[in-house]
>>> print(open('final_10.txt').read())   # compact mmCIF, C-alpha atoms
# COMPACT_ATOMS: atom_id res chain seq x y z
CA MET E 1 133.57 186.46 -103.06
CA THR E 2 130.26 187.95 -101.90
CA GLN E 3 127.66 185.21 -101.44
CA ASP E 4 123.90 185.57 -101.76
CA PRO E 5 122.17 183.73 -98.89
CA GLN E 6 119.25 182.90 -101.21
CA MET E 7 121.44 181.01 -103.68
CA PRO E 8 122.40 177.32 -103.45
CA THR E 9 125.52 176.60 -101.44
CA TRP E 10 128.39 174.34 -102.42
CA GLY E 11 131.64 172.98 -101.08
CA VAL E 12 134.59 170.83 -102.12
CA VAL E 13 136.04 167.62 -100.71
CA SER E 14 139.39 166.05 -101.56
CA THR E 15 141.61 163.28 -100.21
CA ILE E 16 145.13 164.64 -100.47
CA ASP E 17 148.69 163.35 -100.16
CA GLU E 18 150.69 166.26 -101.57
CA PRO E 19 153.24 168.87 -100.45
CA SER E 20 151.78 171.70 -98.40
CA PRO E 21 151.99 174.40 -101.15
CA LEU E 22 149.58 172.39 -103.29
CA VAL E 23 147.20 171.82 -100.38
CA ALA E 24 147.22 175.56 -99.66
CA ALA E 25 146.60 176.42 -103.33
CA PHE E 26 143.68 174.00 -103.57
CA VAL E 27 142.00 175.56 -100.55
CA ALA E 28 142.74 179.18 -101.50
CA HIS E 29 141.41 178.81 -105.02
CA HIS E 30 138.15 177.09 -104.17
CA LEU E 31 137.36 179.48 -101.35
CA ALA E 32 138.06 182.36 -103.74
CA VAL E 33 135.64 181.08 -106.39
CA GLY E 34 132.76 180.60 -103.98
CA ALA E 35 133.03 177.34 -102.06
CA ARG E 36 131.53 177.77 -98.59
CA GLU E 37 133.59 174.88 -97.27
CA VAL E 38 136.72 173.07 -98.46
CA HIS E 39 137.22 169.70 -96.78
CA VAL E 40 140.77 168.34 -96.98
CA PHE E 41 141.36 164.75 -95.90
CA LEU E 42 145.07 164.24 -95.32
CA ASP E 43 145.93 160.70 -96.38
CA ARG E 44 148.93 160.79 -94.04
CA PRO E 45 150.21 163.36 -91.53
CA ASN E 46 151.20 166.71 -93.04
CA PRO E 47 152.05 169.18 -90.24
CA GLU E 48 153.10 171.89 -92.70
CA ALA E 49 149.72 171.84 -94.45
CA GLU E 50 147.87 171.82 -91.13
CA ALA E 51 149.84 174.84 -89.93
CA LEU E 52 149.05 176.76 -93.12
CA LEU E 53 145.32 176.01 -92.92
CA ASP E 54 144.98 176.65 -89.20
CA GLY E 55 142.48 179.45 -88.71
CA VAL E 56 141.48 179.72 -92.37
CA GLU E 57 137.73 180.30 -92.41
CA GLY E 58 135.97 177.73 -94.55
CA ALA E 59 138.88 175.26 -94.53
CA PHE E 60 138.29 171.97 -92.70
CA VAL E 61 141.23 169.62 -92.15
CA HIS E 62 140.49 165.95 -91.56
CA HIS E 63 142.73 162.92 -91.13
CA CYS E 64 141.90 159.79 -93.09
CA GLY E 65 140.42 157.31 -90.65
CA GLU E 66 139.76 159.87 -87.94
CA ASP E 67 136.35 158.28 -87.42
CA GLY E 68 137.79 154.76 -87.29
CA TRP E 69 136.26 154.05 -90.70
CA ALA E 70 133.14 153.55 -88.59
CA ARG E 71 130.35 154.25 -91.06
CA GLY E 72 129.34 150.62 -91.47
CA TRP E 73 131.86 149.87 -94.23
CA ARG E 74 133.95 147.14 -92.62
CA ASN E 75 135.52 149.48 -90.03
CA LYS E 76 138.77 149.11 -91.92
CA ARG E 77 141.01 151.47 -93.88
CA PRO E 78 140.44 150.86 -97.61
CA ALA E 79 143.66 149.58 -99.10
CA ARG E 80 143.22 151.51 -102.31
CA HIS E 81 143.44 155.27 -102.57
CA GLU E 82 140.24 155.28 -104.64
CA GLY E 83 138.39 153.53 -101.80
CA ARG E 84 139.53 156.16 -99.30
CA GLN E 85 138.47 158.90 -101.70
CA LYS E 86 135.02 157.35 -101.97
CA TYR E 87 134.68 156.94 -98.20
CA ASN E 88 135.76 160.50 -97.38
CA ALA E 89 133.70 162.17 -100.08
CA THR E 90 130.59 160.20 -99.15
CA ARG E 91 131.06 161.03 -95.50
CA ILE E 92 131.06 164.77 -96.25
CA LEU E 93 128.09 164.40 -98.62
CA ASP E 94 126.18 162.71 -95.78
CA GLU E 95 127.16 165.23 -93.11
CA THR E 96 127.09 168.53 -94.96
CA LYS E 97 124.47 171.24 -94.53
CA LEU E 98 125.41 172.56 -97.98
CA ASP E 99 123.32 171.93 -101.08
CA TRP E 100 126.02 170.53 -103.35
CA ILE E 101 129.49 168.97 -103.02
CA VAL E 102 132.29 168.89 -105.61
CA HIS E 103 134.66 165.91 -105.42
CA CYS E 104 138.05 166.40 -107.07
CA ASP E 105 141.78 165.98 -106.47
CA ALA E 106 144.41 168.42 -105.23
CA ASP E 107 145.67 168.90 -108.79
CA GLU E 108 142.17 169.73 -110.12
CA TYR E 109 140.69 173.22 -109.96
CA VAL E 110 137.14 174.32 -110.68
CA ASN E 111 137.24 177.10 -113.29
CA LEU E 112 134.02 179.11 -113.69
CA GLN E 113 132.62 181.64 -116.16
CA ARG E 114 129.95 182.74 -113.68
CA PRO E 115 129.53 181.80 -110.01
CA LEU E 116 128.67 178.13 -109.64
CA GLU E 117 125.64 179.08 -107.52
CA TRP E 118 124.10 180.64 -110.64
CA GLU E 119 124.22 177.33 -112.49
CA LEU E 120 123.10 175.29 -109.49
CA GLN E 121 120.04 177.48 -109.07
CA LYS E 122 119.04 176.69 -112.65
CA THR E 123 119.52 172.92 -112.18
CA GLY E 124 116.15 171.26 -111.66
CA PRO E 125 115.50 168.45 -109.16
CA GLY E 126 115.61 165.89 -111.95
CA LYS E 127 119.41 166.14 -112.11
CA ALA E 128 121.39 164.41 -109.35
CA TRP E 129 124.71 165.84 -110.45
CA ILE E 130 126.61 168.02 -112.89
CA ARG E 131 129.76 166.86 -114.63
CA LEU E 132 132.72 169.18 -114.92
CA GLU E 133 134.54 168.37 -118.15
CA VAL E 134 138.35 168.40 -118.10
CA ASP E 135 140.91 170.79 -119.53
CA GLU E 136 144.41 169.36 -119.02
CA ARG E 137 147.43 171.59 -118.55
CA CYS E 138 150.24 171.27 -121.06
CA PHE E 139 153.43 173.19 -121.77
CA VAL E 140 154.44 175.06 -124.91
CA ASP E 141 158.15 175.11 -125.72
CA GLY E 142 159.79 178.46 -125.02
CA GLU E 143 157.06 179.81 -122.75
CA PRO E 144 158.08 180.81 -119.20
CA ARG E 145 157.17 178.68 -116.19
CA ALA E 146 157.40 181.04 -113.24
CA SER E 147 154.65 179.22 -111.32
CA ILE E 148 153.56 175.61 -111.04
CA PHE E 149 150.22 176.79 -112.49
CA ASP E 150 151.59 178.27 -115.74
CA GLY E 151 150.80 176.69 -119.10
CA ALA E 152 148.06 176.16 -121.67
CA PHE E 153 145.24 173.59 -121.57
CA ARG E 154 144.29 170.83 -123.99
CA ARG E 155 140.77 169.46 -124.43
CA LYS E 156 139.77 165.97 -125.50
CA TRP E 157 139.95 165.47 -129.24
CA ASP E 158 137.04 163.46 -130.63
CA GLY E 159 138.84 162.73 -133.89
CA PHE E 160 142.04 161.66 -132.17
CA GLU E 161 142.01 157.97 -133.11
CA LYS E 162 141.93 158.82 -136.82
CA GLU E 163 144.06 161.96 -136.85
CA GLY E 164 146.27 161.78 -133.77
CA LEU E 165 149.07 159.72 -135.30
CA LEU E 166 149.58 162.22 -138.11
CA PHE E 167 149.67 165.09 -135.62
CA TYR E 168 151.67 163.58 -132.73
CA GLY E 169 153.55 160.73 -134.34
CA PHE E 170 155.02 158.25 -131.87
CA ARG E 171 153.73 160.36 -128.94
CA LYS E 172 150.18 159.28 -129.77
CA ARG E 173 150.56 156.05 -127.82
CA PHE E 174 150.76 158.01 -124.57
CA LEU E 175 147.63 160.09 -125.18
CA ASN E 176 143.96 159.30 -124.62
CA ARG E 177 141.73 161.37 -126.91
CA GLY E 178 144.57 163.91 -127.04
CA VAL E 179 145.34 164.22 -123.31
CA GLY E 180 147.65 162.32 -120.99
CA GLY E 181 145.28 161.86 -118.06
CA HIS E 182 141.59 161.18 -117.63
CA ILE E 183 138.68 162.53 -119.67
CA ALA E 184 135.95 161.32 -117.30
CA GLY E 185 135.51 164.65 -115.52
CA LYS E 186 134.52 165.14 -111.88
CA PRO E 187 131.12 165.54 -110.22
CA VAL E 188 129.16 168.30 -108.52
CA VAL E 189 126.69 166.23 -106.48
CA ARG E 190 123.36 167.16 -104.93
CA ALA E 191 123.51 166.58 -101.15
CA GLY E 192 120.86 165.14 -98.87
CA GLN E 193 119.79 162.35 -101.21
CA GLY E 194 121.62 159.37 -99.70
CA TYR E 195 124.07 159.12 -102.59
CA ALA E 196 127.66 157.93 -102.40
CA ILE E 197 130.44 159.62 -104.39
CA GLY E 198 132.92 157.65 -106.44
CA VAL E 199 136.05 159.09 -108.01
CA HIS E 200 134.37 160.40 -111.17
CA PHE E 201 130.62 160.17 -110.55
CA PRO E 202 128.10 159.68 -107.73
CA LEU E 203 126.37 156.40 -106.95
CA SER E 204 122.74 155.83 -106.05
CA ASN E 205 123.94 153.85 -103.01
CA TRP E 206 127.21 152.69 -101.50
CA ASP E 207 127.20 149.27 -103.16
CA SER E 208 126.39 150.52 -106.64
CA LYS E 209 129.14 150.47 -109.27
CA VAL E 210 127.29 152.00 -112.21
CA ASN E 211 126.80 155.55 -113.41
CA ASP E 212 123.00 155.49 -113.30
CA LEU E 213 122.07 158.85 -111.76
CA PRO E 214 120.72 161.57 -114.08
CA TYR E 215 123.17 164.36 -114.86
CA ARG E 216 124.26 166.85 -117.46
CA PRO E 217 127.60 168.45 -118.34
CA SER E 218 128.19 171.91 -116.92
CA TYR E 219 127.72 174.78 -119.34
CA ASN E 220 129.39 177.22 -116.97
CA GLY E 221 132.48 175.51 -115.55
CA ARG E 222 135.40 173.29 -116.45
CA LEU E 223 137.91 171.36 -114.37
CA LEU E 224 141.53 172.42 -114.83
CA HIS E 225 143.70 169.33 -114.35
CA PHE E 226 147.38 169.85 -113.58
CA ASP E 227 148.66 166.32 -114.19
CA GLY E 228 151.96 166.90 -112.46
CA MET E 229 152.87 170.34 -111.16
CA THR E 230 156.45 169.86 -112.42
CA PRO E 231 158.18 167.18 -114.52
CA LEU E 232 159.45 165.52 -111.33
CA HIS E 233 155.96 165.54 -109.80
CA TYR E 234 154.50 163.88 -112.90
CA LEU E 235 157.26 161.25 -113.05
CA LEU E 236 156.91 160.34 -109.38
CA LYS E 237 153.19 159.91 -109.96
CA MET E 238 153.90 157.49 -112.81
CA LEU E 239 156.51 155.54 -110.86
CA ARG E 240 154.27 155.26 -107.80
CA ARG E 241 151.50 153.79 -109.91
CA ALA E 242 153.91 151.44 -111.69
CA THR E 243 155.11 150.04 -108.36
CA THR E 244 151.91 150.04 -106.29
CA LYS E 245 150.59 146.53 -105.68
CA VAL E 246 146.88 146.06 -104.94
CA LYS E 247 144.73 143.04 -104.19
CA GLY E 248 141.84 142.12 -106.42
CA ASP E 249 141.11 143.54 -109.83
CA PRO E 250 143.55 146.19 -111.07
CA VAL E 251 142.46 149.81 -111.40
CA PRO E 252 141.11 150.05 -114.97
CA PHE E 253 143.53 152.55 -116.48
CA VAL E 254 143.31 153.08 -120.23
CA ALA E 255 146.12 151.77 -122.42
CA PRO E 256 147.84 155.16 -122.99
CA ARG E 257 148.08 155.74 -119.22
CA THR E 258 149.44 152.23 -118.69
CA ALA E 259 152.02 152.95 -121.38
CA GLN E 260 153.16 155.99 -119.38
CA PHE E 261 153.59 153.91 -116.21
CA SER E 262 155.47 151.19 -118.06
CA GLU E 263 157.82 153.60 -119.82
CA ALA E 264 158.63 155.37 -116.56
CA ALA E 265 159.41 152.09 -114.80
CA LYS E 266 161.45 150.73 -117.71
CA PHE E 267 163.75 153.76 -117.78
CA ALA E 268 163.57 154.86 -114.15
CA ASP E 269 167.36 155.02 -113.87
CA ASP E 270 167.78 157.28 -116.92
CA PRO E 271 166.79 160.90 -116.21
CA GLU E 272 167.22 161.95 -119.84
CA ILE E 273 164.71 159.37 -121.08
CA LEU E 274 162.36 160.20 -118.19
CA ARG E 275 162.39 163.86 -119.09
CA GLY E 276 161.75 162.84 -122.68
CA LEU E 277 158.70 160.87 -121.52
CA TRP E 278 157.38 163.94 -119.75
CA ARG E 279 157.86 165.98 -122.92
CA ASP E 280 156.14 163.35 -125.04
CA VAL E 281 153.09 163.43 -122.78
CA GLN E 282 152.85 167.08 -121.79
CA ALA E 283 154.86 169.35 -124.10
CA LEU E 284 153.90 170.99 -127.38
CA ARG E 285 155.88 172.76 -130.06
CA PRO E 286 154.56 176.29 -130.73
CA TYR E 287 153.15 175.37 -134.15
CA GLU E 288 151.35 172.39 -132.59
CA ALA E 289 149.80 174.65 -129.97
CA GLU E 290 148.67 177.08 -132.67
CA GLU E 291 147.01 174.34 -134.71
CA LEU E 292 145.24 172.88 -131.69
CA ALA E 293 144.01 176.34 -130.72
CA GLU E 294 142.63 176.90 -134.23
CA HIS E 295 140.47 173.81 -133.77
CA GLY E 296 139.29 174.70 -130.27
CA LEU E 297 141.43 172.01 -128.65
CA LEU E 298 143.79 174.32 -126.73
CA THR E 299 142.73 177.18 -124.47
CA ARG E 300 144.43 179.75 -122.29
CA PRO E 301 141.96 180.63 -119.52
CA GLU E 302 142.72 183.42 -117.11
CA ILE E 303 143.99 181.75 -113.94
CA ALA E 304 144.28 183.66 -110.69
CA ILE E 305 145.51 180.84 -108.46
CA THR E 306 148.84 182.47 -107.60
CA SER E 307 147.17 185.74 -106.59
CA GLU E 308 144.50 183.83 -104.64
CA VAL E 309 147.21 182.03 -102.71
CA SER E 310 149.08 185.26 -102.09
CA ALA E 311 145.93 186.97 -100.82
CA LEU E 312 145.27 184.21 -98.29
CA PHE E 313 148.77 183.14 -97.26
CA GLY E 314 151.06 186.04 -98.15
CA GLU E 315 154.66 184.98 -98.60
CA ARG E 316 154.27 181.75 -96.63
CA VAL E 317 153.60 179.75 -99.83
CA ASP E 318 156.10 179.67 -102.70
CA LEU E 319 154.57 178.39 -105.94
CA SER E 320 157.73 178.46 -108.04
CA PRO E 321 158.62 175.12 -109.66
CA ALA E 322 161.97 174.97 -107.85
CA ALA E 323 160.41 175.53 -104.42
CA PHE E 324 157.69 172.99 -105.15
CA ASP E 325 160.22 170.33 -106.11
CA ARG E 326 162.15 170.93 -102.89
CA ALA E 327 158.93 170.47 -100.91
CA LEU E 328 158.13 167.38 -102.99
CA ILE E 329 161.49 165.78 -102.21
CA ALA E 330 160.88 166.23 -98.48
CA HIS E 331 157.27 165.02 -98.68
CA GLU E 332 158.08 161.90 -100.71
CA ALA E 333 161.19 160.73 -98.83
CA ASP E 334 159.83 157.21 -98.31
CA LEU E 335 158.74 156.82 -101.93
CA LEU E 336 162.08 158.11 -103.18
CA ALA E 337 163.95 155.62 -100.99
CA ARG E 338 161.84 152.78 -102.39
CA LEU E 339 162.35 153.94 -105.99
CA HIS E 340 166.09 154.26 -105.47
CA GLU E 341 166.27 150.74 -104.06
CA THR E 342 164.08 149.29 -106.80
CA PHE E 343 165.36 151.17 -109.85
CA GLY E 344 168.33 153.28 -108.83
CA PHE E 345 166.10 156.32 -109.40
CA ASP E 346 167.74 159.70 -108.68
CA PRO E 347 165.44 162.74 -108.53
CA GLU E 348 168.21 165.35 -108.53
CA PRO E 349 168.66 165.70 -112.34
CA LEU E 350 164.89 166.10 -112.74
CA MET E 351 164.37 168.90 -110.25
CA SER E 352 163.30 172.33 -111.49
CA GLN E 353 165.90 175.05 -111.27
>>> encode(input="final_10.txt", output="structure tokens")
Amino acid sequence: MTQDPQMPTWGVVSTIDEPSPLVAAFVAHHLAVGAREVHVFLDRPNPEAEALLDGVEGAFVHHCGEDGWARGWRNKRPARHEGRQKYNATRILDETKLDWIVHCDADEYVNLQRPLEWELQKTGPGKAWIRLEVDERCFVDGEPRASIFDGAFRRKWDGFEKEGLLFYGFRKRFLNRGVGGHIAGKPVVRAGQGYAIGVHFPLSNWDSKVNDLPYRPSYNGRLLHFDGMTPLHYLLKMLRRATTKVKGDPVPFVAPRTAQFSEAAKFADDPEILRGLWRDVQALRPYEAEELAEHGLLTRPEIAITSEVSALFGERVDLSPAAFDRALIAHEADLLARLHETFGFDPEPLMSQ
């Protein structure tokens, strides 16, 4: 994308523990839509991802803890993933020469109507950040899934508590305002102000825990959230969260998300029920999709991620669901061993063909 040197500049930072095809896609997409820099913090070694990104202009590969966690915050690796995300994002916000930084995950993709620089230029100094609202990928029965990025997208449903049971029936208990994941959005944060960046919003200082900086929702961009690139990817995410022990207060997940974790753990040895859970959370019947679309709750944006990846990496990255699941099995060998020992979990019946 041609960039005007007079316009504001922006970049992306993410802490990532995913198979290399997803890391490559995250970088390729955000460079294609105008990010000057994409900072990837690998939460554990990933030689395949490093090899893919080697020499890619604008891509910066970091290793979590490469600075010894030395920025005055206990000099110790945060035990929680969210703490590492905060540390890494804040480090880049402090160090960058760019004007703005987006903080999001490897399964979240900034989707723009016009270049983000255009909106940033129109954002006055009174706003510390812009919130990207979420569109969450879902699947419509009978539609092809040639790529891990295929599908439609649901938006939060403000009338869900009153009307959701009639529409979804028993599946309602797994959905929060009509989506399976979060509705909090992700931030585009003004740099050079001494802010910290949390998972969903920036903080006025490192020790703050409240969303007290002035912002507005974006009128130009949305965040496309792929909550599981495949059924197996989604289910491993649920089982990891169900079995991860942390000290202190638990992460404040909403009740529908907790219900997903609990259901996955309860039936972890039954692939048929697990696939049914995935369908309950992420699949739609065609008539359901049509009705949601009529009410502005389901969209089908044009997505160029596969072509962006092809343009940058050629045939070195395979984004088919079957190839992704094979990479996922290799990447998550330790987790799979733990899940097998704990539950008797077998990923084979859940892999994409």
>>> residues_around(input="final_10.txt", residues="range 98-111 of chain E", least_positions_apart="2", cutoff="6 Å", atoms="all atoms listed in the file", output="ChimeraX atom specification")
/E:8-14,26,96,187-191,221-226
>>> write_last_selection(input="final_10.txt", atoms="C-alpha atoms", output="PDB file, keeping the file's coordinate frame")
ATOM      1  CA  PRO E   8     122.400 177.320-103.450  1.00  0.00           C
ATOM      2  CA  THR E   9     125.520 176.600-101.440  1.00  0.00           C
ATOM      3  CA  TRP E  10     128.390 174.340-102.420  1.00  0.00           C
ATOM      4  CA  GLY E  11     131.640 172.980-101.080  1.00  0.00           C
ATOM      5  CA  VAL E  12     134.590 170.830-102.120  1.00  0.00           C
ATOM      6  CA  VAL E  13     136.040 167.620-100.710  1.00  0.00           C
ATOM      7  CA  SER E  14     139.390 166.050-101.560  1.00  0.00           C
ATOM      8  CA  PHE E  26     143.680 174.000-103.570  1.00  0.00           C
ATOM      9  CA  THR E  96     127.090 168.530 -94.960  1.00  0.00           C
ATOM     10  CA  PRO E 187     131.120 165.540-110.220  1.00  0.00           C
ATOM     11  CA  VAL E 188     129.160 168.300-108.520  1.00  0.00           C
ATOM     12  CA  VAL E 189     126.690 166.230-106.480  1.00  0.00           C
ATOM     13  CA  ARG E 190     123.360 167.160-104.930  1.00  0.00           C
ATOM     14  CA  ALA E 191     123.510 166.580-101.150  1.00  0.00           C
ATOM     15  CA  GLY E 221     132.480 175.510-115.550  1.00  0.00           C
ATOM     16  CA  ARG E 222     135.400 173.290-116.450  1.00  0.00           C
ATOM     17  CA  LEU E 223     137.910 171.360-114.370  1.00  0.00           C
ATOM     18  CA  LEU E 224     141.530 172.420-114.830  1.00  0.00           C
ATOM     19  CA  HIS E 225     143.700 169.330-114.350  1.00  0.00           C
ATOM     20  CA  PHE E 226     147.380 169.850-113.580  1.00  0.00           C
TER      21      PHE E 226
END
>>> atom_distance(input="final_10.txt", atom1="CA of Ala24 in chain E", atom2="CA of Leu298 in chain E")
27.3 Å
>>> closest_residue(input="final_10.txt", among="E:Glu143, E:Asp334, E:Glu37, E:Glu263", to="Val281 in chain E", atoms="all atoms listed in the file")
E:Glu263
>>> atom_distance(input="final_10.txt", atom1="CA of Ala59 in chain E", atom2="CA of Arg131 in chain E")
23.6 Å
>>> atom_distance(input="final_10.txt", atom1="CA of Gly185 in chain E", atom2="CA of Gly151 in chain E")
19.8 Å
>>> closest_residue(input="final_10.txt", among="E:Leu297, E:Glu308, E:Glu48, E:Asp17", to="Val33 in chain E", atoms="all atoms listed in the file")
E:Glu308
>>> closest_atom_pairs(input="final_10.txt", of="range 269-303 of chain E", to="range 347-350 of chain E", cutoff="9 Å", atoms="all atoms listed in the file", output="CSV")
residue,atom,partner,partner_atom,distance
E:Pro271,CA,E:Pro349,CA,6.4
E:Glu272,CA,E:Pro349,CA,8.5
E:Leu274,CA,E:Leu350,CA,8.4
E:Arg275,CA,E:Leu350,CA,7.2
>>> closest_residue(input="final_10.txt", among="E:Arg114, E:Arg36, E:Lys127, E:Arg257", to="Leu213 in chain E", atoms="only C-alpha atoms")
E:Lys127
>>> closest_residue(input="final_10.txt", among="E:Gly344, E:Gly83, E:Pro252, E:Pro217", to="Ala265 in chain E", atoms="all atoms listed in the file")
E:Gly344
>>> closest_residue(input="final_10.txt", among="E:Leu22, E:Ala283, E:Pro321, E:Asp269", to="Asp346 in chain E", atoms="all atoms listed in the file")
E:Asp269
>>> closest_residue(input="final_10.txt", among="E:Thr299, E:Ser307, E:Ser352, E:Thr258", to="Ser320 in chain E", atoms="only C-alpha atoms")
E:Ser352
>>> residues_around(input="final_10.txt", residues="Leu165 in chain E", least_positions_apart="4", cutoff="12 Å", atoms="only C-alpha atoms", output="ChimeraX atom specification")
/E:159-161,169-178
>>> residues_near_point(input="final_10.txt", point="(149.1, 172.4, -132.5)", cutoff="12 Å", atoms="only C-alpha atoms", output="tab-separated table (two decimals) with C-alpha atoms, in the coordinates of the input")
chain	number	residue	atom	x	y	z
E	138	CYS	CA	150.24	171.27	-121.06
E	139	PHE	CA	153.43	173.19	-121.77
E	140	VAL	CA	154.44	175.06	-124.91
E	141	ASP	CA	158.15	175.11	-125.72
E	152	ALA	CA	148.06	176.16	-121.67
E	153	PHE	CA	145.24	173.59	-121.57
E	154	ARG	CA	144.29	170.83	-123.99
E	155	ARG	CA	140.77	169.46	-124.43
E	157	TRP	CA	139.95	165.47	-129.24
E	164	GLY	CA	146.27	161.78	-133.77
E	166	LEU	CA	149.58	162.22	-138.11
E	167	PHE	CA	149.67	165.09	-135.62
E	168	TYR	CA	151.67	163.58	-132.73
E	178	GLY	CA	144.57	163.91	-127.04
E	283	ALA	CA	154.86	169.35	-124.10
E	284	LEU	CA	153.90	170.99	-127.38
E	285	ARG	CA	155.88	172.76	-130.06
E	286	PRO	CA	154.56	176.29	-130.73
E	287	TYR	CA	153.15	175.37	-134.15
E	288	GLU	CA	151.35	172.39	-132.59
E	289	ALA	CA	149.80	174.65	-129.97
E	290	GLU	CA	148.67	177.08	-132.67
E	291	GLU	CA	147.01	174.34	-134.71
E	292	LEU	CA	145.24	172.88	-131.69
E	293	ALA	CA	144.01	176.34	-130.72
E	294	GLU	CA	142.63	176.90	-134.23
E	295	HIS	CA	140.47	173.81	-133.77
E	296	GLY	CA	139.29	174.70	-130.27
E	297	LEU	CA	141.43	172.01	-128.65
E	298	LEU	CA	143.79	174.32	-126.73
E	299	THR	CA	142.73	177.18	-124.47
>>> decode(input="final_10.txt", residues="range 18-24 of chain E", atoms="all heavy atoms", output="mmCIF file, in the first residue's frame")
data_model
loop_
_atom_site.group_PDB
_atom_site.id
_atom_site.type_symbol
_atom_site.label_atom_id
_atom_site.label_comp_id
_atom_site.auth_asym_id
_atom_site.auth_seq_id
_atom_site.Cartn_x
_atom_site.Cartn_y
_atom_site.Cartn_z
ATOM 1 N N GLU E 18 1.098 -19.453 18.314
ATOM 2 C CA GLU E 18 0.252 -20.096 17.305
ATOM 3 C C GLU E 18 1.129 -20.752 16.235
ATOM 4 O O GLU E 18 2.312 -20.405 16.085
ATOM 5 C CB GLU E 18 -0.655 -19.056 16.636
ATOM 6 C CG GLU E 18 -1.663 -18.384 17.549
ATOM 7 C CD GLU E 18 -2.821 -19.297 17.953
ATOM 8 O OE1 GLU E 18 -2.851 -20.463 17.527
ATOM 9 O OE2 GLU E 18 -3.685 -18.819 18.713
ATOM 10 N N PRO E 19 0.552 -21.675 15.455
ATOM 11 C CA PRO E 19 1.302 -22.265 14.338
ATOM 12 C C PRO E 19 1.768 -21.201 13.351
ATOM 13 O O PRO E 19 1.127 -20.146 13.194
ATOM 14 C CB PRO E 19 0.282 -23.217 13.702
ATOM 15 C CG PRO E 19 -0.683 -23.527 14.795
ATOM 16 C CD PRO E 19 -0.782 -22.271 15.618
ATOM 17 N N SER E 20 2.859 -21.482 12.672
ATOM 18 C CA SER E 20 3.485 -20.486 11.799
ATOM 19 C C SER E 20 2.572 -19.960 10.691
ATOM 20 O O SER E 20 2.679 -18.776 10.341
ATOM 21 C CB SER E 20 4.777 -21.053 11.198
ATOM 22 O OG SER E 20 4.519 -22.219 10.435
ATOM 23 N N PRO E 21 1.647 -20.742 10.094
ATOM 24 C CA PRO E 21 0.782 -20.142 9.066
ATOM 25 C C PRO E 21 -0.044 -18.974 9.592
ATOM 26 O O PRO E 21 -0.269 -17.993 8.861
ATOM 27 C CB PRO E 21 -0.114 -21.309 8.632
ATOM 28 C CG PRO E 21 0.683 -22.530 8.939
ATOM 29 C CD PRO E 21 1.420 -22.204 10.199
ATOM 30 N N LEU E 22 -0.483 -19.055 10.851
ATOM 31 C CA LEU E 22 -1.286 -17.969 11.400
ATOM 32 C C LEU E 22 -0.423 -16.745 11.693
ATOM 33 O O LEU E 22 -0.851 -15.603 11.495
ATOM 34 C CB LEU E 22 -2.004 -18.438 12.662
ATOM 35 C CG LEU E 22 -3.093 -17.513 13.212
ATOM 36 C CD1 LEU E 22 -4.113 -17.160 12.142
ATOM 37 C CD2 LEU E 22 -3.783 -18.134 14.418
ATOM 38 N N VAL E 23 0.805 -16.970 12.148
ATOM 39 C CA VAL E 23 1.722 -15.855 12.370
ATOM 40 C C VAL E 23 1.992 -15.138 11.046
ATOM 41 O O VAL E 23 1.961 -13.910 10.962
ATOM 42 C CB VAL E 23 3.040 -16.348 12.989
ATOM 43 C CG1 VAL E 23 3.963 -15.162 13.283
ATOM 44 C CG2 VAL E 23 2.786 -17.143 14.270
ATOM 45 N N ALA E 24 2.245 -15.909 9.997
ATOM 46 C CA ALA E 24 2.519 -15.326 8.681
ATOM 47 C C ALA E 24 1.322 -14.547 8.168
ATOM 48 O O ALA E 24 1.467 -13.450 7.606
ATOM 49 C CB ALA E 24 2.883 -16.438 7.696
#
